[in-house]
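Undergrad: Got a structure here, written out as structure tokens. Questions coming.
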2 protein chains.
Amino acid sequence: MIMDRVEWSKQEKEIARRAFGAAYNRECTAILENVRKMSAESNDPTRIWEIHDYLAEKEKDIREKYDYRYSVLLTVFARLIWEGWMNQKDLAGISEDKLQEIRKTAEFFAGL
Amino acid sequence: MIMDRVEWSKQEKEIARRAFGAAYNRECTAILENVRKMSAESNDPTRIWEIHDYLAEKEKDIREKYDYRYSVLLTVFARLIWEGWMNQKDLAGISEDKLQEIRKTAEFFAGL
């Protein structure tokens with residue numbers, strides 16, 4: 001499947017947008033939880049620089065990862081599934097050939 | 001008083017170093033406390049970007065402010081006193097002419 005020729009129906013786009021948003025929220029929630037723990041568990045005030053560095057890294061990571069161009073979206077979804085931020089059931093309603101491509105790519109990531 | 005000609009005795013340097021460290025710790029503690037509040041008070045996961053921006057700003061702010069060169073130290077101390085991170089009593093043992101210079105500069109900041 002040549003990815004930049006993938007066609008997305010209006011309904012598939014809605015499903016994709018919702019799944020993308022849900023994954024983004026899950027990952028941001030996990031980061032917020034980590035920041036809570038990091039800020040709560042130590043009374044060393046210079047801990048703020050660890051939190052600073054952690055958030056700076058995550059900001060870059062998330063900016064690069066959450067790329068909603070349809071030409072790359074199947075790979076993005078595969079990565080999000082592999083990393084655990086997206087569930088396959090979030091994608092129910094997407095065409096079977098796209099789901100297969102996503103699974104295949106997720107398996108490729110898992111094998112790296 | 002020409003600042004880059006200020007002479008610091010060994011004892012004054014010890015007092016200055018301790019006061020500088022205490023102010024730095026107070027300010028970092030306040031930032032940590034703000035991060036705790038910001039991360040605790042909202043369940044909106046995108047709050048992490050506010051915390052990110054806040055820490056990025058503070059990192060720059062603190063890197064610029066906590067400049068331990070003796071040529072600028074009286075001005076740095078004046079600013080820390082004016083901002084409330086340093087107490088004048090932290091500086092007990094520093095020569096009276098330096099303390100006067102610090103107070104004068106702190107008053108200048110207060111009048112800006």
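The chains in the structure tokens are called A, B, ... from first to last as shown; in each chain the residues are counted from 1, and the ligands are counted from 1 in the order shown.
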Compile the residues of chain A that lie within 6 Å of chain B, evaluated using only C-alpha atoms, and express the compilation as number ranges by chain.
TA: A: 28-29, 32, 36, 39, 45, 48, 52, 55
Undergrad: Within 7 Å of region 90-95 of chain B, counting only C-alpha atoms, which residues qualify if same-chain residues fewer than 4 places away don't, as a CSV table (one decimal) with C-alpha atoms, in the first residue's frame?
TA:
chain,number,residue,atom,x,y,z
B,12,GLU,CA,33.1,37.6,53.0
B,15,ILE,CA,29.2,34.5,53.6
B,16,ALA,CA,28.4,35.5,50.0
B,19,ALA,CA,23.7,33.6,51.0
B,86,MET,CA,17.6,36.9,50.0
B,99,LEU,CA,25.8,46.5,52.3
Undergrad: In Å, rounded to a single decimal, give me how far CA of Glu64 (chain B) is from CA of Arg18 (chain B).
TA: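 About the pair CA of Arg18 (chain B) and CA of Glu64 (chain B): they are 18.9 Å apart.
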Undergrad: Just fit chain A onto chain B on all the Cα atoms, in order, by least squares, and give it as a tab-separated table (two decimals) with C-alpha atoms, in the first residue's frame.
TA:
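Listed below is the output, result.tsv:
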chain	number	residue	atom	x	y	z
A	1	MET	CA	31.93	52.26	44.46
A	2	ILE	CA	33.30	50.81	41.26
A	3	MET	CA	32.03	47.29	41.37
A	4	ASP	CA	34.81	45.50	39.54
A	5	ARG	CA	37.26	46.91	42.06
A	6	VAL	CA	35.36	45.60	45.05
A	7	GLU	CA	37.59	43.44	47.20
A	8	TRP	CA	36.13	40.43	48.97
A	9	SER	CA	37.88	38.90	51.97
A	10	LYS	CA	37.95	35.12	52.33
A	11	GLN	CA	35.34	35.33	55.07
A	12	GLU	CA	33.10	37.63	53.02
A	13	LYS	CA	33.33	35.20	50.11
A	14	GLU	CA	32.11	32.40	52.34
A	15	ILE	CA	29.18	34.49	53.57
A	16	ALA	CA	28.37	35.55	50.01
A	17	ARG	CA	28.50	31.98	48.71
A	18	ARG	CA	26.20	30.76	51.48
A	19	ALA	CA	23.70	33.63	51.00
A	20	PHE	CA	23.70	33.03	47.25
A	21	GLY	CA	23.01	29.31	47.76
A	22	ALA	CA	20.24	30.01	50.26
A	23	ALA	CA	18.50	32.42	47.87
A	24	TYR	CA	18.83	29.93	45.02
A	25	ASN	CA	17.30	27.19	47.18
A	26	ARG	CA	14.42	29.44	48.24
A	27	GLU	CA	13.60	30.36	44.68
A	28	CYS	CA	13.84	26.74	43.45
A	29	THR	CA	11.61	25.65	46.35
A	30	ALA	CA	8.99	28.21	45.32
A	31	ILE	CA	9.14	26.97	41.72
A	32	LEU	CA	8.79	23.35	42.87
A	33	GLU	CA	5.78	24.36	44.95
A	34	ASN	CA	4.20	26.05	41.91
A	35	VAL	CA	4.81	22.95	39.78
A	36	ARG	CA	3.14	20.83	42.47
A	37	LYS	CA	0.11	23.10	42.49
A	38	MET	CA	-0.10	23.34	38.70
A	39	SER	CA	0.14	19.57	38.28
A	40	ALA	CA	-2.31	18.82	41.10
A	41	GLU	CA	-5.08	21.30	40.50
A	42	SER	CA	-6.21	20.32	37.02
A	43	ASN	CA	-7.14	17.13	35.29
A	44	ASP	CA	-6.65	18.65	31.86
A	45	PRO	CA	-3.65	16.65	30.61
A	46	THR	CA	-2.56	19.44	28.26
A	47	ARG	CA	-1.70	21.36	31.44
A	48	ILE	CA	1.73	19.79	31.01
A	49	TRP	CA	2.50	22.39	28.32
A	50	GLU	CA	1.79	25.24	30.72
A	51	ILE	CA	4.16	23.61	33.21
A	52	HIS	CA	6.69	23.09	30.42
A	53	ASP	CA	6.53	26.76	29.41
A	54	TYR	CA	6.67	27.91	33.03
A	55	LEU	CA	9.80	25.86	33.74
A	56	ALA	CA	11.47	26.88	30.47
A	57	GLU	CA	10.93	30.54	31.41
A	58	LYS	CA	12.19	30.00	34.95
A	59	GLU	CA	15.23	28.10	33.72
A	60	LYS	CA	16.26	31.03	31.52
A	61	ASP	CA	15.41	33.52	34.26
A	62	ILE	CA	17.47	31.72	36.91
A	63	ARG	CA	20.40	31.01	34.60
A	64	GLU	CA	20.67	34.73	33.88
A	65	LYS	CA	20.02	35.94	37.41
A	66	TYR	CA	22.27	33.71	39.52
A	67	ASP	CA	25.56	35.04	38.21
A	68	TYR	CA	28.30	34.52	40.80
A	69	ARG	CA	30.97	36.78	39.38
A	70	TYR	CA	32.34	39.11	42.04
A	71	SER	CA	32.24	41.97	39.52
A	72	VAL	CA	28.42	41.83	39.44
A	73	LEU	CA	27.61	40.21	42.77
A	74	LEU	CA	26.46	43.34	44.62
A	75	THR	CA	23.87	44.00	41.91
A	76	VAL	CA	22.81	40.34	41.94
A	77	PHE	CA	22.36	40.48	45.72
A	78	ALA	CA	20.39	43.73	45.45
A	79	ARG	CA	18.04	42.12	42.97
A	80	LEU	CA	17.63	38.99	45.11
A	81	ILE	CA	16.80	41.14	48.14
A	82	TRP	CA	14.36	43.24	46.15
A	83	GLU	CA	12.66	40.09	44.82
A	84	GLY	CA	12.52	38.60	48.31
A	85	TRP	CA	14.79	35.59	47.78
A	86	MET	CA	17.57	36.94	49.99
A	87	ASN	CA	17.38	38.48	53.45
A	88	GLN	CA	19.72	41.27	54.48
A	89	LYS	CA	20.57	39.22	57.57
A	90	ASP	CA	21.95	36.47	55.27
A	91	LEU	CA	24.70	38.99	54.52
A	92	ALA	CA	25.72	39.71	58.13
A	93	GLY	CA	29.51	39.90	58.19
A	94	ILE	CA	29.88	41.61	54.82
A	95	SER	CA	31.53	45.03	54.99
A	96	GLU	CA	29.29	48.03	55.58
A	97	ASP	CA	30.24	49.75	52.30
A	98	LYS	CA	29.13	46.68	50.35
A	99	LEU	CA	25.87	46.46	52.30
A	100	GLN	CA	25.18	50.12	51.59
A	101	GLU	CA	25.79	49.60	47.90
A	102	ILE	CA	23.44	46.59	47.93
A	103	ARG	CA	20.70	48.53	49.74
A	104	LYS	CA	21.07	51.50	47.41
A	105	THR	CA	20.76	49.27	44.36
A	106	ALA	CA	17.81	47.35	45.88
A	107	GLU	CA	16.06	50.69	46.42
A	108	PHE	CA	16.80	51.61	42.83
A	109	PHE	CA	15.13	48.36	41.65
A	110	ALA	CA	12.17	49.03	43.92
A	111	GLY	CA	11.73	52.45	42.35
A	112	LEU	CA	11.72	51.19	38.76
Undergrad: Please run DSSP on the backbone and report, as a PDB file with N, CA and C atoms, in the first residue's frame, all residues within chain A that come out as alpha helix (DSSP H).
TA:
ATOM      1  N   LYS A  10     -14.869  10.336   4.647  1.00  0.00           N
ATOM      2  CA  LYS A  10     -15.205  11.323   5.679  1.00  0.00           C
ATOM      3  C   LYS A  10     -15.380  10.644   7.042  1.00  0.00           C
ATOM      4  N   GLN A  11     -16.040   9.500   7.028  1.00  0.00           N
ATOM      5  CA  GLN A  11     -16.268   8.793   8.296  1.00  0.00           C
ATOM      6  C   GLN A  11     -14.951   8.282   8.895  1.00  0.00           C
ATOM      7  N   GLU A  12     -14.084   7.754   8.028  1.00  0.00           N
ATOM      8  CA  GLU A  12     -12.780   7.277   8.509  1.00  0.00           C
ATOM      9  C   GLU A  12     -11.959   8.428   9.096  1.00  0.00           C
ATOM     10  N   LYS A  13     -12.058   9.591   8.458  1.00  0.00           N
ATOM     11  CA  LYS A  13     -11.327  10.751   8.985  1.00  0.00           C
ATOM     12  C   LYS A  13     -11.799  11.120  10.380  1.00  0.00           C
ATOM     13  N   GLU A  14     -13.097  11.014  10.591  1.00  0.00           N
ATOM     14  CA  GLU A  14     -13.636  11.320  11.929  1.00  0.00           C
ATOM     15  C   GLU A  14     -13.131  10.325  12.969  1.00  0.00           C
ATOM     16  N   ILE A  15     -13.140   9.046  12.593  1.00  0.00           N
ATOM     17  CA  ILE A  15     -12.638   8.006  13.508  1.00  0.00           C
ATOM     18  C   ILE A  15     -11.152   8.245  13.801  1.00  0.00           C
ATOM     19  N   ALA A  16     -10.411   8.543  12.736  1.00  0.00           N
ATOM     20  CA  ALA A  16      -8.966   8.748  12.878  1.00  0.00           C
ATOM     21  C   ALA A  16      -8.674   9.941  13.786  1.00  0.00           C
ATOM     22  N   ARG A  17      -9.420  11.012  13.579  1.00  0.00           N
ATOM     23  CA  ARG A  17      -9.208  12.229  14.371  1.00  0.00           C
ATOM     24  C   ARG A  17      -9.504  11.962  15.852  1.00  0.00           C
ATOM     25  N   ARG A  18     -10.561  11.199  16.100  1.00  0.00           N
ATOM     26  CA  ARG A  18     -10.935  10.904  17.488  1.00  0.00           C
ATOM     27  C   ARG A  18      -9.896   9.984  18.144  1.00  0.00           C
ATOM     28  N   ALA A  19      -9.442   8.971  17.398  1.00  0.00           N
ATOM     29  CA  ALA A  19      -8.437   8.034  17.940  1.00  0.00           C
ATOM     30  C   ALA A  19      -7.119   8.756  18.218  1.00  0.00           C
ATOM     31  N   PHE A  20      -6.766   9.644  17.324  1.00  0.00           N
ATOM     32  CA  PHE A  20      -5.546  10.451  17.471  1.00  0.00           C
ATOM     33  C   PHE A  20      -5.638  11.301  18.742  1.00  0.00           C
ATOM     34  N   GLY A  21      -6.782  11.964  18.916  1.00  0.00           N
ATOM     35  CA  GLY A  21      -6.984  12.813  20.097  1.00  0.00           C
ATOM     36  C   GLY A  21      -6.965  12.012  21.397  1.00  0.00           C
ATOM     37  N   ALA A  22      -7.564  10.807  21.342  1.00  0.00           N
ATOM     38  CA  ALA A  22      -7.603   9.970  22.545  1.00  0.00           C
ATOM     39  C   ALA A  22      -6.191   9.524  22.933  1.00  0.00           C
ATOM     40  N   ALA A  23      -5.391   9.149  21.938  1.00  0.00           N
ATOM     41  CA  ALA A  23      -4.010   8.725  22.211  1.00  0.00           C
ATOM     42  C   ALA A  23      -3.205   9.892  22.784  1.00  0.00           C
ATOM     43  N   TYR A  24      -3.373  11.046  22.180  1.00  0.00           N
ATOM     44  CA  TYR A  24      -2.675  12.252  22.647  1.00  0.00           C
ATOM     45  C   TYR A  24      -3.047  12.544  24.107  1.00  0.00           C
ATOM     46  N   ASN A  25      -4.322  12.457  24.423  1.00  0.00           N
ATOM     47  CA  ASN A  25      -4.765  12.692  25.805  1.00  0.00           C
ATOM     48  C   ASN A  25      -4.201  11.661  26.770  1.00  0.00           C
ATOM     49  N   ARG A  26      -4.164  10.392  26.330  1.00  0.00           N
ATOM     50  CA  ARG A  26      -3.600   9.358  27.219  1.00  0.00           C
ATOM     51  C   ARG A  26      -2.130   9.631  27.503  1.00  0.00           C
ATOM     52  N   GLU A  27      -1.405   9.992  26.463  1.00  0.00           N
ATOM     53  CA  GLU A  27       0.031  10.213  26.674  1.00  0.00           C
ATOM     54  C   GLU A  27       0.268  11.450  27.542  1.00  0.00           C
ATOM     55  N   CYS A  28      -0.485  12.522  27.285  1.00  0.00           N
ATOM     56  CA  CYS A  28      -0.338  13.736  28.113  1.00  0.00           C
ATOM     57  C   CYS A  28      -0.726  13.458  29.564  1.00  0.00           C
ATOM     58  N   THR A  29      -1.746  12.620  29.769  1.00  0.00           N
ATOM     59  CA  THR A  29      -2.156  12.264  31.129  1.00  0.00           C
ATOM     60  C   THR A  29      -1.037  11.525  31.856  1.00  0.00           C
ATOM     61  N   ALA A  30      -0.367  10.632  31.135  1.00  0.00           N
ATOM     62  CA  ALA A  30       0.743   9.877  31.743  1.00  0.00           C
ATOM     63  C   ALA A  30       1.898  10.818  32.101  1.00  0.00           C
ATOM     64  N   ILE A  31       2.149  11.791  31.234  1.00  0.00           N
ATOM     65  CA  ILE A  31       3.218  12.764  31.513  1.00  0.00           C
ATOM     66  C   ILE A  31       2.847  13.605  32.733  1.00  0.00           C
ATOM     67  N   LEU A  32       1.589  14.053  32.783  1.00  0.00           N
ATOM     68  CA  LEU A  32       1.137  14.843  33.941  1.00  0.00           C
ATOM     69  C   LEU A  32       1.289  14.039  35.228  1.00  0.00           C
ATOM     70  N   GLU A  33       0.959  12.764  35.158  1.00  0.00           N
ATOM     71  CA  GLU A  33       1.082  11.896  36.330  1.00  0.00           C
ATOM     72  C   GLU A  33       2.554  11.779  36.759  1.00  0.00           C
ATOM     73  N   ASN A  34       3.448  11.655  35.792  1.00  0.00           N
ATOM     74  CA  ASN A  34       4.882  11.601  36.109  1.00  0.00           C
ATOM     75  C   ASN A  34       5.374  12.900  36.740  1.00  0.00           C
ATOM     76  N   VAL A  35       4.885  14.027  36.223  1.00  0.00           N
ATOM     77  CA  VAL A  35       5.280  15.324  36.790  1.00  0.00           C
ATOM     78  C   VAL A  35       4.783  15.433  38.230  1.00  0.00           C
ATOM     79  N   ARG A  36       3.562  14.959  38.470  1.00  0.00           N
ATOM     80  CA  ARG A  36       3.034  14.958  39.847  1.00  0.00           C
ATOM     81  C   ARG A  36       3.931  14.161  40.773  1.00  0.00           C
ATOM     82  N   LYS A  37       4.286  12.956  40.319  1.00  0.00           N
ATOM     83  CA  LYS A  37       5.140  12.102  41.158  1.00  0.00           C
ATOM     84  C   LYS A  37       6.503  12.752  41.387  1.00  0.00           C
ATOM     85  N   MET A  38       7.111  13.232  40.297  1.00  0.00           N
ATOM     86  CA  MET A  38       8.452  13.815  40.412  1.00  0.00           C
ATOM     87  C   MET A  38       8.440  15.026  41.344  1.00  0.00           C
ATOM     88  N   SER A  39       7.380  15.825  41.282  1.00  0.00           N
ATOM     89  CA  SER A  39       7.357  17.041  42.105  1.00  0.00           C
ATOM     90  C   SER A  39       6.968  16.725  43.543  1.00  0.00           C
ATOM     91  N   ALA A  40       6.301  15.579  43.765  1.00  0.00           N
ATOM     92  CA  ALA A  40       5.828  15.262  45.109  1.00  0.00           C
ATOM     93  C   ALA A  40       6.838  14.464  45.915  1.00  0.00           C
ATOM     94  N   ARG A  47      15.267  19.505  42.023  1.00  0.00           N
ATOM     95  CA  ARG A  47      14.458  18.547  41.256  1.00  0.00           C
ATOM     96  C   ARG A  47      13.728  19.213  40.081  1.00  0.00           C
ATOM     97  N   ILE A  48      13.460  20.515  40.242  1.00  0.00           N
ATOM     98  CA  ILE A  48      12.767  21.227  39.154  1.00  0.00           C
ATOM     99  C   ILE A  48      13.509  21.108  37.829  1.00  0.00           C
ATOM    100  N   TRP A  49      14.840  20.977  37.876  1.00  0.00           N
ATOM    101  CA  TRP A  49      15.576  20.899  36.599  1.00  0.00           C
ATOM    102  C   TRP A  49      15.409  19.529  35.948  1.00  0.00           C
ATOM    103  N   GLU A  50      15.244  18.501  36.764  1.00  0.00           N
ATOM    104  CA  GLU A  50      14.911  17.183  36.186  1.00  0.00           C
ATOM    105  C   GLU A  50      13.543  17.238  35.508  1.00  0.00           C
ATOM    106  N   ILE A  51      12.589  17.897  36.186  1.00  0.00           N
ATOM    107  CA  ILE A  51      11.245  18.001  35.610  1.00  0.00           C
ATOM    108  C   ILE A  51      11.301  18.853  34.343  1.00  0.00           C
ATOM    109  N   HIS A  52      12.071  19.924  34.404  1.00  0.00           N
ATOM    110  CA  HIS A  52      12.260  20.770  33.212  1.00  0.00           C
ATOM    111  C   HIS A  52      12.791  19.946  32.035  1.00  0.00           C
ATOM    112  N   ASP A  53      13.849  19.179  32.288  1.00  0.00           N
ATOM    113  CA  ASP A  53      14.469  18.406  31.204  1.00  0.00           C
ATOM    114  C   ASP A  53      13.509  17.322  30.686  1.00  0.00           C
ATOM    115  N   TYR A  54      12.793  16.699  31.624  1.00  0.00           N
ATOM    116  CA  TYR A  54      11.821  15.671  31.243  1.00  0.00           C
ATOM    117  C   TYR A  54      10.749  16.256  30.323  1.00  0.00           C
ATOM    118  N   LEU A  55      10.208  17.413  30.692  1.00  0.00           N
ATOM    119  CA  LEU A  55       9.142  18.023  29.886  1.00  0.00           C
ATOM    120  C   LEU A  55       9.681  18.539  28.549  1.00  0.00           C
ATOM    121  N   ALA A  56      10.902  19.045  28.547  1.00  0.00           N
ATOM    122  CA  ALA A  56      11.490  19.534  27.291  1.00  0.00           C
ATOM    123  C   ALA A  56      11.647  18.367  26.311  1.00  0.00           C
ATOM    124  N   GLU A  57      12.077  17.218  26.845  1.00  0.00           N
ATOM    125  CA  GLU A  57      12.241  16.024  26.006  1.00  0.00           C
ATOM    126  C   GLU A  57      10.886  15.535  25.491  1.00  0.00           C
ATOM    127  N   LYS A  58       9.895  15.520  26.378  1.00  0.00           N
ATOM    128  CA  LYS A  58       8.570  15.049  25.988  1.00  0.00           C
ATOM    129  C   LYS A  58       7.918  16.002  24.983  1.00  0.00           C
ATOM    130  N   GLU A  59       8.174  17.276  25.145  1.00  0.00           N
ATOM    131  CA  GLU A  59       7.589  18.259  24.223  1.00  0.00           C
ATOM    132  C   GLU A  59       8.087  17.993  22.804  1.00  0.00           C
ATOM    133  N   LYS A  60       9.398  17.786  22.692  1.00  0.00           N
ATOM    134  CA  LYS A  60      10.003  17.506  21.382  1.00  0.00           C
ATOM    135  C   LYS A  60       9.465  16.169  20.830  1.00  0.00           C
ATOM    136  N   ASP A  61       9.447  15.178  21.687  1.00  0.00           N
ATOM    137  CA  ASP A  61       8.986  13.842  21.345  1.00  0.00           C
ATOM    138  C   ASP A  61       7.551  13.881  20.794  1.00  0.00           C
ATOM    139  N   ILE A  62       6.685  14.574  21.511  1.00  0.00           N
ATOM    140  CA  ILE A  62       5.264  14.604  21.140  1.00  0.00           C
ATOM    141  C   ILE A  62       5.033  15.460  19.906  1.00  0.00           C
ATOM    142  N   ARG A  63       5.771  16.548  19.794  1.00  0.00           N
ATOM    143  CA  ARG A  63       5.645  17.406  18.615  1.00  0.00           C
ATOM    144  C   ARG A  63       6.002  16.617  17.353  1.00  0.00           C
ATOM    145  N   GLU A  64       7.033  15.792  17.451  1.00  0.00           N
ATOM    146  CA  GLU A  64       7.442  15.005  16.287  1.00  0.00           C
ATOM    147  C   GLU A  64       6.495  13.833  16.005  1.00  0.00           C
ATOM    148  N   LYS A  65       6.000  13.232  17.080  1.00  0.00           N
ATOM    149  CA  LYS A  65       5.230  11.993  16.930  1.00  0.00           C
ATOM    150  C   LYS A  65       3.802  12.219  16.436  1.00  0.00           C
ATOM    151  N   LEU A  73      -0.153   8.956   8.386  1.00  0.00           N
ATOM    152  CA  LEU A  73      -0.993   8.636   9.541  1.00  0.00           C
ATOM    153  C   LEU A  73      -0.996   7.153   9.903  1.00  0.00           C
ATOM    154  N   LEU A  74      -0.898   6.264   8.894  1.00  0.00           N
ATOM    155  CA  LEU A  74      -0.908   4.840   9.234  1.00  0.00           C
ATOM    156  C   LEU A  74       0.333   4.471  10.048  1.00  0.00           C
ATOM    157  N   THR A  75       1.455   5.060   9.697  1.00  0.00           N
ATOM    158  CA  THR A  75       2.688   4.804  10.456  1.00  0.00           C
ATOM    159  C   THR A  75       2.592   5.404  11.861  1.00  0.00           C
ATOM    160  N   VAL A  76       2.022   6.604  11.947  1.00  0.00           N
ATOM    161  CA  VAL A  76       1.828   7.239  13.259  1.00  0.00           C
ATOM    162  C   VAL A  76       0.950   6.350  14.139  1.00  0.00           C
ATOM    163  N   PHE A  77      -0.148   5.859  13.579  1.00  0.00           N
ATOM    164  CA  PHE A  77      -1.052   4.997  14.346  1.00  0.00           C
ATOM    165  C   PHE A  77      -0.342   3.706  14.779  1.00  0.00           C
ATOM    166  N   ALA A  78       0.445   3.147  13.872  1.00  0.00           N
ATOM    167  CA  ALA A  78       1.176   1.914  14.210  1.00  0.00           C
ATOM    168  C   ALA A  78       2.103   2.165  15.392  1.00  0.00           C
ATOM    169  N   ARG A  79       2.772   3.287  15.366  1.00  0.00           N
ATOM    170  CA  ARG A  79       3.681   3.602  16.470  1.00  0.00           C
ATOM    171  C   ARG A  79       2.909   3.808  17.777  1.00  0.00           C
ATOM    172  N   LEU A  80       1.776   4.503  17.690  1.00  0.00           N
ATOM    173  CA  LEU A  80       0.981   4.765  18.902  1.00  0.00           C
ATOM    174  C   LEU A  80       0.434   3.462  19.493  1.00  0.00           C
ATOM    175  N   ILE A  81       0.061   2.518  18.610  1.00  0.00           N
ATOM    176  CA  ILE A  81      -0.404   1.215  19.093  1.00  0.00           C
ATOM    177  C   ILE A  81       0.748   0.453  19.738  1.00  0.00           C
ATOM    178  N   TRP A  82       1.877   0.462  19.065  1.00  0.00           N
ATOM    179  CA  TRP A  82       3.052  -0.246  19.580  1.00  0.00           C
ATOM    180  C   TRP A  82       3.465   0.325  20.948  1.00  0.00           C
ATOM    181  N   GLU A  83       3.391   1.641  21.096  1.00  0.00           N
ATOM    182  CA  GLU A  83       3.778   2.266  22.365  1.00  0.00           C
ATOM    183  C   GLU A  83       2.682   2.179  23.426  1.00  0.00           C
ATOM    184  N   GLU A  96     -10.394  -2.345   6.335  1.00  0.00           N
ATOM    185  CA  GLU A  96      -9.554  -3.481   6.724  1.00  0.00           C
ATOM    186  C   GLU A  96      -8.135  -3.380   6.141  1.00  0.00           C
ATOM    187  N   ASP A  97      -8.004  -2.850   4.923  1.00  0.00           N
ATOM    188  CA  ASP A  97      -6.646  -2.762   4.353  1.00  0.00           C
ATOM    189  C   ASP A  97      -5.783  -1.770   5.146  1.00  0.00           C
ATOM    190  N   LYS A  98      -6.402  -0.703   5.629  1.00  0.00           N
ATOM    191  CA  LYS A  98      -5.638   0.233   6.476  1.00  0.00           C
ATOM    192  C   LYS A  98      -5.252  -0.420   7.798  1.00  0.00           C
ATOM    193  N   LEU A  99      -6.196  -1.130   8.398  1.00  0.00           N
ATOM    194  CA  LEU A  99      -5.906  -1.795   9.684  1.00  0.00           C
ATOM    195  C   LEU A  99      -4.776  -2.807   9.530  1.00  0.00           C
ATOM    196  N   GLN A 100      -4.791  -3.521   8.426  1.00  0.00           N
ATOM    197  CA  GLN A 100      -3.718  -4.501   8.179  1.00  0.00           C
ATOM    198  C   GLN A 100      -2.364  -3.812   8.066  1.00  0.00           C
ATOM    199  N   GLU A 101      -2.367  -2.719   7.343  1.00  0.00           N
ATOM    200  CA  GLU A 101      -1.120  -1.954   7.182  1.00  0.00           C
ATOM    201  C   GLU A 101      -0.618  -1.458   8.545  1.00  0.00           C
ATOM    202  N   ILE A 102      -1.546  -0.978   9.362  1.00  0.00           N
ATOM    203  CA  ILE A 102      -1.185  -0.491  10.704  1.00  0.00           C
ATOM    204  C   ILE A 102      -0.611  -1.624  11.547  1.00  0.00           C
ATOM    205  N   ARG A 103      -1.283  -2.786  11.533  1.00  0.00           N
ATOM    206  CA  ARG A 103      -0.807  -3.926  12.325  1.00  0.00           C
ATOM    207  C   ARG A 103       0.576  -4.382  11.866  1.00  0.00           C
ATOM    208  N   LYS A 104       0.737  -4.422  10.539  1.00  0.00           N
ATOM    209  CA  LYS A 104       2.014  -4.876   9.973  1.00  0.00           C
ATOM    210  C   LYS A 104       3.139  -3.938  10.431  1.00  0.00           C
ATOM    211  N   THR A 105       2.856  -2.642  10.383  1.00  0.00           N
ATOM    212  CA  THR A 105       3.886  -1.671  10.765  1.00  0.00           C
ATOM    213  C   THR A 105       4.139  -1.718  12.269  1.00  0.00           C
ATOM    214  N   ALA A 106       3.067  -1.917  13.076  1.00  0.00           N
ATOM    215  CA  ALA A 106       3.229  -2.046  14.525  1.00  0.00           C
ATOM    216  C   ALA A 106       4.106  -3.259  14.852  1.00  0.00           C
ATOM    217  N   GLU A 107       3.891  -4.345  14.112  1.00  0.00           N
ATOM    218  CA  GLU A 107       4.728  -5.537  14.328  1.00  0.00           C
ATOM    219  C   GLU A 107       6.172  -5.268  13.945  1.00  0.00           C
ATOM    220  N   PHE A 108       6.348  -4.491  12.890  1.00  0.00           N
ATOM    221  CA  PHE A 108       7.704  -4.113  12.478  1.00  0.00           C
ATOM    222  C   PHE A 108       8.388  -3.327  13.605  1.00  0.00           C
ATOM    223  N   PHE A 109       7.685  -2.351  14.193  1.00  0.00           N
ATOM    224  CA  PHE A 109       8.253  -1.582  15.323  1.00  0.00           C
ATOM    225  C   PHE A 109       8.607  -2.529  16.482  1.00  0.00           C
ATOM    226  N   ALA A 110       7.681  -3.448  16.763  1.00  0.00           N
ATOM    227  CA  ALA A 110       7.897  -4.358  17.882  1.00  0.00           C
ATOM    228  C   ALA A 110       9.142  -5.225  17.685  1.00  0.00           C
TER     229      ALA A 110
END
